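**Student:** So here's start26.cif (mmCIF, C-alpha atoms).
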data_entry
#
loop_
_atom_site.label_atom_id
_atom_site.label_comp_id
_atom_site.auth_asym_id
_atom_site.auth_seq_id
_atom_site.Cartn_x
_atom_site.Cartn_y
_atom_site.Cartn_z
CA MET A 23 19.43 138.18 74.31
CA GLU A 24 22.07 136.91 76.73
CA VAL A 25 21.35 136.22 80.38
CA ARG A 26 24.97 135.67 81.34
CA LYS A 27 26.74 138.90 82.34
CA THR A 28 30.18 139.33 80.78
CA THR A 29 32.98 141.80 81.49
CA ARG A 30 34.35 141.65 77.96
CA PRO A 31 33.06 140.65 74.52
CA THR A 32 32.47 136.91 74.35
CA THR A 33 34.45 134.71 71.99
CA ALA A 34 32.08 131.75 72.42
CA ARG A 35 30.99 130.15 69.15
CA CYS A 36 27.77 128.78 70.66
CA THR A 37 25.50 131.15 72.60
CA LEU A 38 22.14 130.94 74.34
CA PRO A 39 20.15 132.55 71.46
CA GLN A 40 21.72 130.07 69.02
CA TYR A 41 20.87 127.12 71.22
CA MET A 42 17.32 128.33 71.82
CA GLY A 43 16.75 128.95 68.12
CA PHE A 44 17.95 125.42 67.44
CA LEU A 45 15.59 123.89 70.02
CA ILE A 46 12.47 125.52 68.54
CA SER A 47 13.38 124.91 64.90
CA GLU A 48 14.95 121.45 64.74
CA PRO A 49 12.14 118.97 64.01
CA LYS A 50 13.75 115.81 65.33
CA SER A 51 17.32 115.52 66.64
CA SER A 52 18.31 118.21 69.16
CA THR A 53 21.82 116.96 69.86
CA CYS A 54 25.13 118.82 69.98
CA THR A 55 26.29 117.15 66.77
CA ARG A 56 23.11 118.13 64.93
CA LEU A 57 23.48 121.78 65.99
CA ALA A 58 27.08 121.65 64.81
CA GLU A 59 25.94 120.29 61.43
CA VAL A 60 23.35 122.99 60.76
CA THR A 61 25.42 125.97 61.99
CA GLY A 62 28.93 125.01 60.96
CA ILE A 63 30.37 125.39 64.44
CA SER A 64 32.12 122.50 66.14
CA HIS A 65 30.43 119.91 68.31
CA ASP A 66 32.83 120.86 71.09
CA SER A 67 31.63 124.49 70.98
CA VAL A 68 28.08 123.37 71.73
CA ASN A 69 29.27 121.04 74.45
CA ARG A 70 31.38 123.80 76.01
CA PHE A 71 28.35 126.12 76.04
CA LEU A 72 26.34 123.58 78.06
CA HIS A 73 29.24 123.07 80.49
CA ARG A 74 30.24 126.74 80.72
CA GLU A 75 27.02 128.52 81.69
CA ASP A 76 25.28 128.42 85.05
CA TYR A 77 21.73 129.67 84.49
CA GLN A 78 19.44 129.96 87.49
CA PRO A 79 15.65 130.26 87.99
CA LYS A 80 16.11 133.97 88.86
CA ASP A 81 17.41 134.50 85.29
CA LEU A 82 14.11 133.13 84.00
CA PHE A 83 12.06 135.40 86.28
CA ASP A 84 14.03 138.50 85.26
CA GLU A 85 13.29 137.72 81.62
CA VAL A 86 9.54 137.11 81.96
CA ALA A 87 8.93 139.96 84.45
CA GLN A 88 9.36 142.44 81.58
CA ASP A 89 6.19 141.19 79.89
CA LEU A 90 3.88 140.36 82.79
CA CYS A 91 1.76 142.35 85.21
CA LEU A 92 3.16 141.05 88.50
CA VAL A 93 0.19 142.04 90.66
CA GLY A 94 -3.18 140.30 90.94
CA GLY A 95 -2.71 137.22 88.76
CA THR A 96 -2.89 133.47 89.37
CA LEU A 97 0.19 131.45 90.31
CA SER A 98 -0.03 127.71 89.58
CA VAL A 99 2.21 124.87 90.74
CA ASP A 100 2.60 121.49 89.08
CA ASP A 101 5.31 119.03 88.12
CA SER A 102 6.06 116.86 85.13
CA VAL A 103 8.41 113.96 84.50
CA LEU A 104 10.76 114.32 81.54
CA ASP A 105 10.94 110.75 80.25
CA LYS A 106 14.49 109.36 79.99
CA PRO A 107 13.87 105.59 79.95
CA TYR A 108 17.13 104.68 78.19
CA SER A 109 19.48 107.10 79.98
CA HIS A 110 22.23 105.57 82.08
CA HIS A 111 24.62 107.44 84.39
CA VAL A 112 22.84 110.75 83.67
CA LYS A 113 22.74 113.13 86.62
CA LEU A 114 19.30 114.01 88.08
CA VAL A 115 17.64 111.02 86.38
CA SER A 116 15.78 108.82 88.84
CA HIS A 117 12.39 107.13 89.24
CA PHE A 118 9.36 109.39 89.78
CA TRP A 119 5.62 108.92 89.71
CA SER A 120 4.20 109.94 86.32
CA GLY A 121 0.60 111.04 85.87
CA LYS A 122 0.97 110.35 82.16
CA HIS A 123 2.03 106.72 82.62
CA HIS A 124 0.21 106.18 85.95
CA ARG A 125 3.29 104.52 87.41
CA ALA A 126 6.84 105.28 88.48
CA VAL A 127 9.06 105.92 85.46
CA LYS A 128 12.68 106.80 84.84
CA GLY A 129 13.26 110.47 84.14
CA ILE A 130 13.80 113.96 85.51
CA ASN A 131 11.12 115.58 87.66
CA LEU A 132 10.54 119.26 86.90
CA VAL A 133 8.47 121.37 89.34
CA THR A 134 7.23 124.69 87.92
CA LEU A 135 5.50 127.83 89.12
CA TYR A 136 3.45 129.21 86.23
CA TYR A 137 1.87 132.67 86.35
CA THR A 138 -1.17 134.04 84.50
CA ASP A 139 -1.51 137.80 84.83
CA THR A 140 -4.64 139.96 84.79
CA ASN A 141 -4.20 140.57 81.04
CA GLY A 142 -4.28 136.85 80.27
CA ARG A 143 -0.55 136.57 79.55
CA HIS A 144 1.05 133.49 81.05
CA MET A 145 4.63 132.26 81.48
CA PRO A 146 6.73 130.15 83.89
CA VAL A 147 8.28 132.25 86.65
CA ASN A 148 10.25 129.70 88.71
CA TYR A 149 11.23 126.05 88.59
CA ARG A 150 13.14 123.31 90.34
CA ILE A 151 14.71 120.10 89.08
CA CYS A 152 14.19 117.45 91.75
CA ASP A 153 17.48 116.16 93.10
CA LYS A 154 16.96 113.21 95.42
CA SER A 155 20.41 113.74 96.94
CA GLU A 156 19.05 116.96 98.52
CA GLY A 157 16.46 114.99 100.50
CA LYS A 158 13.66 117.42 99.63
CA THR A 159 10.10 116.66 98.57
CA LYS A 160 8.15 118.41 95.82
CA ASN A 161 6.27 120.27 98.55
CA ASP A 162 9.57 121.52 99.98
CA TYR A 163 10.55 122.81 96.54
CA PHE A 164 7.14 124.46 96.15
CA ARG A 165 7.43 126.41 99.39
CA GLU A 166 10.96 127.50 98.48
CA MET A 167 9.89 128.71 95.04
CA LEU A 168 6.83 130.49 96.42
CA ALA A 169 8.95 132.42 98.92
CA GLU A 170 11.40 133.32 96.15
CA VAL A 171 8.89 134.73 93.66
CA LEU A 172 7.18 136.74 96.38
CA ASP A 173 10.56 138.14 97.38
CA TRP A 174 11.31 138.94 93.70
CA GLY A 175 8.20 141.12 93.48
CA LEU A 176 5.38 138.83 92.34
CA LYS A 177 2.06 139.52 94.08
CA PRO A 178 -0.51 136.94 92.94
CA LYS A 179 -4.10 137.04 94.06
CA PHE A 180 -4.48 133.25 93.91
CA VAL A 181 -2.22 130.21 94.13
CA THR A 182 -3.50 126.99 92.53
CA GLY A 183 -2.38 123.38 92.45
CA ASP A 184 -3.48 119.77 92.33
CA SER A 185 -4.10 117.52 95.30
CA TRP A 186 -0.41 116.57 95.63
CA TYR A 187 0.31 120.12 96.85
CA SER A 188 -2.78 120.57 99.06
CA CYS A 189 -1.24 119.46 102.35
CA VAL A 190 -2.12 121.56 105.39
CA ARG A 191 1.41 122.98 105.67
CA ASN A 192 1.27 124.34 102.11
CA LEU A 193 -2.19 125.83 102.61
CA LYS A 194 -1.17 127.52 105.85
CA THR A 195 2.00 128.87 104.20
CA ILE A 196 -0.06 130.51 101.45
CA LYS A 197 -2.54 131.86 104.01
CA ASN A 198 0.33 133.41 105.99
CA HIS A 199 1.36 135.27 102.84
CA GLN A 200 -2.13 136.85 102.76
CA THR A 201 -2.85 135.18 99.41
CA GLY A 202 -5.91 133.27 98.27
CA PHE A 203 -5.76 129.76 96.89
CA MET A 204 -7.64 127.07 95.00
CA PHE A 205 -6.36 123.52 95.39
CA ALA A 206 -7.71 120.16 94.37
CA VAL A 207 -8.23 117.78 97.29
CA GLU A 208 -8.80 114.06 97.52
CA LYS A 209 -12.33 112.82 98.16
CA ASN A 210 -11.39 111.49 101.61
CA ARG A 211 -10.33 114.88 103.02
CA THR A 212 -12.26 115.64 106.19
CA VAL A 213 -14.41 118.74 106.66
CA SER A 214 -17.12 119.97 108.99
CA GLN A 215 -20.31 121.93 108.43
CA GLU A 216 -21.23 121.89 112.09
CA LYS A 217 -18.91 122.00 115.07
CA GLY A 218 -17.84 118.54 116.19
CA GLN A 219 -19.25 116.72 113.13
CA TRP A 220 -16.56 115.66 110.66
CA LEU A 221 -17.04 113.70 107.46
CA GLN A 222 -15.32 113.06 104.15
CA ILE A 223 -16.13 115.49 101.34
CA GLN A 224 -17.24 112.67 99.05
CA TYR A 225 -20.40 112.34 101.16
CA LEU A 226 -21.41 116.00 100.83
CA ASP A 227 -23.93 117.40 98.37
CA VAL A 228 -21.99 120.35 96.92
CA PRO A 229 -24.06 123.01 95.09
CA CYS A 230 -22.87 124.71 91.92
CA ASP A 231 -21.82 127.90 93.73
CA GLY A 232 -19.84 126.00 96.35
CA LEU A 233 -20.31 125.07 99.99
CA GLU A 234 -18.71 126.77 103.00
CA VAL A 235 -17.04 124.23 105.28
CA TRP A 236 -14.24 123.94 107.81
CA LEU A 237 -11.23 122.01 106.48
CA LYS A 238 -9.68 119.91 109.22
CA GLU A 239 -6.51 121.44 110.71
CA PHE A 240 -6.85 124.52 108.49
CA GLY A 241 -10.07 126.50 108.85
CA LYS A 242 -12.85 127.99 106.78
CA VAL A 243 -12.82 127.31 103.01
CA LYS A 244 -15.33 127.05 100.20
CA LEU A 245 -15.73 123.62 98.62
CA PHE A 246 -16.44 123.15 94.90
CA ARG A 247 -17.07 120.02 92.87
CA THR A 248 -16.63 119.28 89.17
CA THR A 249 -17.36 116.15 87.15
CA LEU A 250 -15.02 114.71 84.54
CA LYS A 251 -15.47 111.31 82.91
CA ASP A 252 -18.20 110.42 85.42
CA GLN A 253 -15.85 111.12 88.33
CA HIS A 254 -16.19 113.89 90.89
CA ARG A 255 -13.24 116.19 91.57
CA TYR A 256 -13.11 118.44 94.62
CA TYR A 257 -11.47 121.83 95.19
CA VAL A 258 -11.10 124.06 98.21
CA VAL A 259 -10.96 127.84 97.85
CA TYR A 260 -9.66 130.30 100.41
CA LEU A 261 -9.86 134.10 100.25
CA PRO A 262 -7.97 136.33 102.72
CA GLU A 263 -10.94 138.69 102.76
CA ASP A 264 -14.54 137.58 103.11
CA SER A 265 -15.71 138.42 99.58
CA PRO A 266 -18.17 136.71 97.19
CA PHE A 267 -16.77 133.77 95.21
CA GLN A 268 -19.26 132.01 92.93
CA HIS A 269 -19.13 129.35 90.23
CA ASP A 270 -18.01 131.77 87.49
CA ASP A 271 -15.07 132.89 89.66
CA PHE A 272 -14.16 129.28 90.29
CA LYS A 273 -14.30 128.44 86.58
CA THR A 274 -12.05 131.40 85.73
CA ILE A 275 -9.36 130.34 88.21
CA HIS A 276 -9.72 126.68 87.18
CA ASP A 277 -9.21 127.59 83.51
CA GLN A 278 -6.15 129.67 84.36
CA HIS A 279 -4.63 126.72 86.21
CA TRP A 280 -5.02 124.62 83.06
CA GLN A 281 -2.37 126.80 81.37
CA ILE A 282 0.37 124.93 83.24
CA GLU A 283 -0.80 121.64 81.73
CA GLN A 284 -0.51 123.14 78.25
CA TYR A 285 2.94 124.44 79.14
CA HIS A 286 4.16 120.95 80.08
CA ARG A 287 2.92 119.61 76.77
CA ALA A 288 4.54 122.40 74.76
CA ILE A 289 8.02 122.20 76.27
CA LYS A 290 8.07 118.50 75.41
CA GLN A 291 6.55 118.67 71.93
CA VAL A 292 8.01 121.96 70.68
CA CYS A 293 11.05 122.87 72.81
CA HIS A 294 12.84 119.47 73.00
CA ILE A 295 13.20 119.56 76.77
CA GLU A 296 13.44 115.75 76.96
CA HIS A 297 15.86 115.39 74.06
CA PHE A 298 19.46 115.77 75.19
CA GLN A 299 22.48 113.48 75.24
CA VAL A 300 24.66 115.03 77.93
CA ARG A 301 25.32 113.36 81.25
CA SER A 302 26.81 115.87 83.69
CA GLU A 303 24.56 117.88 85.98
CA ARG A 304 25.41 121.39 84.76
CA PRO A 305 24.83 120.63 81.04
CA VAL A 306 21.51 118.96 81.91
CA ARG A 307 20.41 121.98 83.94
CA ASN A 308 21.49 124.42 81.22
CA HIS A 309 19.63 122.46 78.55
CA ILE A 310 16.43 122.47 80.62
CA PHE A 311 16.76 126.20 81.29
CA SER A 312 17.27 126.84 77.56
CA SER A 313 14.18 124.81 76.70
CA ILE A 314 12.02 126.68 79.22
CA LEU A 315 13.32 130.04 77.97
CA SER A 316 12.61 128.93 74.39
CA PHE A 317 8.99 128.45 75.39
CA VAL A 318 8.99 131.94 76.93
CA TYR A 319 10.15 133.48 73.67
CA LEU A 320 7.52 131.59 71.72
CA GLN A 321 4.97 133.04 74.15
CA LYS A 322 6.39 136.52 73.55
CA MET A 323 6.09 136.03 69.80
CA GLN A 324 2.50 134.92 70.28
CA ILE A 325 1.78 138.01 72.38
CA ALA A 326 3.23 140.10 69.54
CA GLN A 327 0.74 138.27 67.26
CA GLU A 328 3.43 136.78 65.04
CA PHE A 329 1.37 133.57 65.09
CA THR A 330 -1.80 132.25 66.74
CA ASN A 331 -0.14 129.52 68.80
CA ILE A 332 3.21 127.81 69.06
CA TYR A 333 2.02 124.70 67.23
CA GLN A 334 1.09 126.87 64.25
CA HIS A 335 4.64 128.25 64.33
CA GLN A 336 6.02 124.72 64.18
CA ARG A 337 3.76 123.80 61.24
CA GLU A 338 4.60 126.95 59.28
CA LEU A 339 8.34 126.61 59.77
CA PHE A 340 8.89 123.98 57.09
CA LYS A 341 5.85 124.61 54.88
CA ASP A 342 7.76 126.28 52.02
CA VAL A 343 10.57 123.72 52.11
CA VAL A 344 8.17 120.77 52.03
CA GLY A 345 6.10 122.39 49.27
CA ALA A 346 9.18 123.07 47.13
CA PHE A 347 10.39 119.48 47.55
CA ILE A 348 7.00 118.05 46.57
CA GLU A 349 6.91 120.23 43.45
CA HIS A 350 10.46 119.22 42.49
CA PHE A 351 9.74 115.55 43.14
CA ALA A 352 6.51 115.63 41.10
CA LYS A 353 8.23 117.23 38.11
CA GLY A 354 10.94 114.59 38.20
CA LYS A 355 8.32 111.85 38.21
CA GLU A 356 6.55 113.39 35.20
CA THR A 357 9.70 113.07 33.09
CA LEU A 358 10.76 109.73 34.53
CA LEU A 359 7.50 107.78 34.07
CA PRO A 360 7.30 108.03 30.23
CA LYS A 361 10.88 106.78 30.01
CA LEU A 362 10.09 103.82 32.24
CA LYS A 363 6.98 102.94 30.19
CA GLY A 364 9.00 103.09 26.96
CA ALA A 365 11.66 100.82 28.34
CA ILE A 366 9.02 98.29 29.53
CA ASN A 367 7.25 98.25 26.13
CA ALA A 368 10.55 97.74 24.33
#
Would you write the structure of this file as structure tokens?

**Tutor:**
Amino acid sequence: MEVRKTTRPTTARCTLPQYMGFLISEPKSSTCTRLAEVTGISHDSVNRFLHREDYQPKDLFDEVAQDLCLVGGTLSVDDSVLDKPYSHHVKLVSHFWSGKHHRAVKGINLVTLYYTDTNGRHMPVNYRICDKSEGKTKNDYFREMLAEVLDWGLKPKFVTGDSWYSCVRNLKTIKNHQTGFMFAVEKNRTVSQEKGQWLQIQYLDVPCDGLEVWLKEFGKVKLFRTTLKDQHRYYVVYLPEDSPFQHDDFKTIHDQHWQIEQYHRAIKQVCHIEHFQVRSERPVRNHIFSSILSFVYLQKMQIAQEFTNIYQHQRELFKDVVGAFIEHFAKGKETLLPKLKGAINA
């Protein structure tokens, strides 16, 4: 496939499919020089590819929309820091809070909208790379991306996110789009069960099927509580229409939101999104786009049942090569050891 539209046949030696194939097959070093080594093209051809293209989030959406049911699914928002602790003078690299390290670290902050459709298929549909020079917060990026995907034709039934994205402005924005939501909230958020009586949610006894409350500055929501590692976590659920929403419904939406966490892990472990050695902004953006699209194609291969999961694909990729090397090495040892013993006895 080729996202870039051309008016004449391309003469480029390095293309997007080549680069994507390299990212999901190279086990260790995903650099321009390594791609040049394994394909026989020049290092400059790879570098020119990263500088030449100008891929945008809409290109990603157009690609995934072919395989997803765009109506009635769950749209999740979350961000992840791509660790670049030793990168100097690389555009878009700054210090961001990392949930993995529980501190501010040096890297690139990637905000993603991830969609799970009614058939259980799930893929990223929009993203932003945080650029501090733009003066925007992650919540600003979220609202921009949400407006875009809705304009592109996505019609989710629910929007989900963690407590970072549960500010009143975000919740009201989603409500204005006539869409339901489920967001994690901090334990000190203020709610009311009776008019004029406000208290923090940590002091409420929340039943399994949820508790109807009024969220301060927003309105009526249903409050749920889960327990993980002896700690309570709280979630607020809003439905545009007054319809039943019980514990099983909450668990289904909660499990769908977890897909975005698995996505963050996969693009780092399988698609080499953190591993690049370019400095300019456009090559960095094109590399990140290529990594995300590589994940999409692994998802498509999984949907086509070519493998069970993307980690299985990675394990199977070098199985025959490793097995052949072990067999060759063992045979060499069998002939070498008797010679060594004879020389020692002599």

**Student:** Might you pull out every residue within 7 Å of region 144-154 of chain A, with only C-alpha atoms counted and same-chain residues fewer than 4 positions away left off, and present them as a ChimeraX atom specification?

**Tutor:** /A:79,82-83,86,114,131-139,158,163,167,318

**Student:** Excluding Lys217 (chain A) and any residue of its chain fewer than 2 positions from it, enumerate the residues within 12 Å of it, using only C-alpha atoms, and give them as a compact mmCIF listing (two decimals) with C-alpha atoms, in the coordinates of the input.

**Tutor:**
# COMPACT_ATOMS: atom_id res chain seq x y z
CA VAL A 213 -14.41 118.74 106.66
CA SER A 214 -17.12 119.97 108.99
CA GLN A 215 -20.31 121.93 108.43
CA GLN A 219 -19.25 116.72 113.13
CA TRP A 220 -16.56 115.66 110.66
CA LEU A 221 -17.04 113.70 107.46
CA VAL A 235 -17.04 124.23 105.28
CA TRP A 236 -14.24 123.94 107.81
CA LEU A 237 -11.23 122.01 106.48
CA LYS A 238 -9.68 119.91 109.22
CA GLY A 241 -10.07 126.50 108.85
CA LYS A 242 -12.85 127.99 106.78

**Student:** Quick one, how far is CA of Cys230 (chain A) from CA of Gln253 (chain A)?

**Tutor:**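 Result for CA of Cys230 (chain A) versus CA of Gln253 (chain A): 15.7 Å, one decimal.
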
**Student:** Report, in Å to a single decimal, how far apart CA of His297 (chain A) and CA of Thr53 (chain A) are.

**Tutor:** 7.5 Å

**Student:** For the PyMOL selection byres ((chain A and resi 180) around 8), applied here, can you spell out every residue it catches as a PyMOL selection string?

**Tutor:** chain A and resi 94-97+178-179+181-182+201-204

**Student:** I need the residue nearest Val259 (chain A) from this list: A:Tyr285, A:Met42, A:Lys197, A:Leu320. Use all atoms listed in the file for the distance.

**Tutor:** A:Lys197

**Student:** For the file shown, report as an mmCIF file with C-alpha atoms, keeping the file's coordinate frame the outcome of the PyMOL selection byres ((chain A and resi 187) around 10) at residue level.

**Tutor:**
data_model
loop_
_atom_site.group_PDB
_atom_site.id
_atom_site.type_symbol
_atom_site.label_atom_id
_atom_site.label_comp_id
_atom_site.auth_asym_id
_atom_site.auth_seq_id
_atom_site.Cartn_x
_atom_site.Cartn_y
_atom_site.Cartn_z
ATOM 1 C CA VAL A 99 2.210 124.870 90.740
ATOM 2 C CA ASP A 100 2.600 121.490 89.080
ATOM 3 C CA LYS A 160 8.150 118.410 95.820
ATOM 4 C CA ASN A 161 6.270 120.270 98.550
ATOM 5 C CA ASP A 162 9.570 121.520 99.980
ATOM 6 C CA PHE A 164 7.140 124.460 96.150
ATOM 7 C CA ARG A 165 7.430 126.410 99.390
ATOM 8 C CA THR A 182 -3.500 126.990 92.530
ATOM 9 C CA GLY A 183 -2.380 123.380 92.450
ATOM 10 C CA ASP A 184 -3.480 119.770 92.330
ATOM 11 C CA SER A 185 -4.100 117.520 95.300
ATOM 12 C CA TRP A 186 -0.410 116.570 95.630
ATOM 13 C CA SER A 188 -2.780 120.570 99.060
ATOM 14 C CA CYS A 189 -1.240 119.460 102.350
ATOM 15 C CA VAL A 190 -2.120 121.560 105.390
ATOM 16 C CA ARG A 191 1.410 122.980 105.670
ATOM 17 C CA ASN A 192 1.270 124.340 102.110
ATOM 18 C CA LEU A 193 -2.190 125.830 102.610
ATOM 19 C CA PHE A 205 -6.360 123.520 95.390
ATOM 20 C CA ALA A 206 -7.710 120.160 94.370
ATOM 21 C CA VAL A 207 -8.230 117.780 97.290
#

**Student:** So, counting all atoms listed in the file, which residue among A:Val171, A:Asn198, A:Lys290, A:Phe298 is closest to Ser316 (chain A)?

**Tutor:**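 Looking at the shortest contact to Ser316 (chain A), the residue is A:Lys290.
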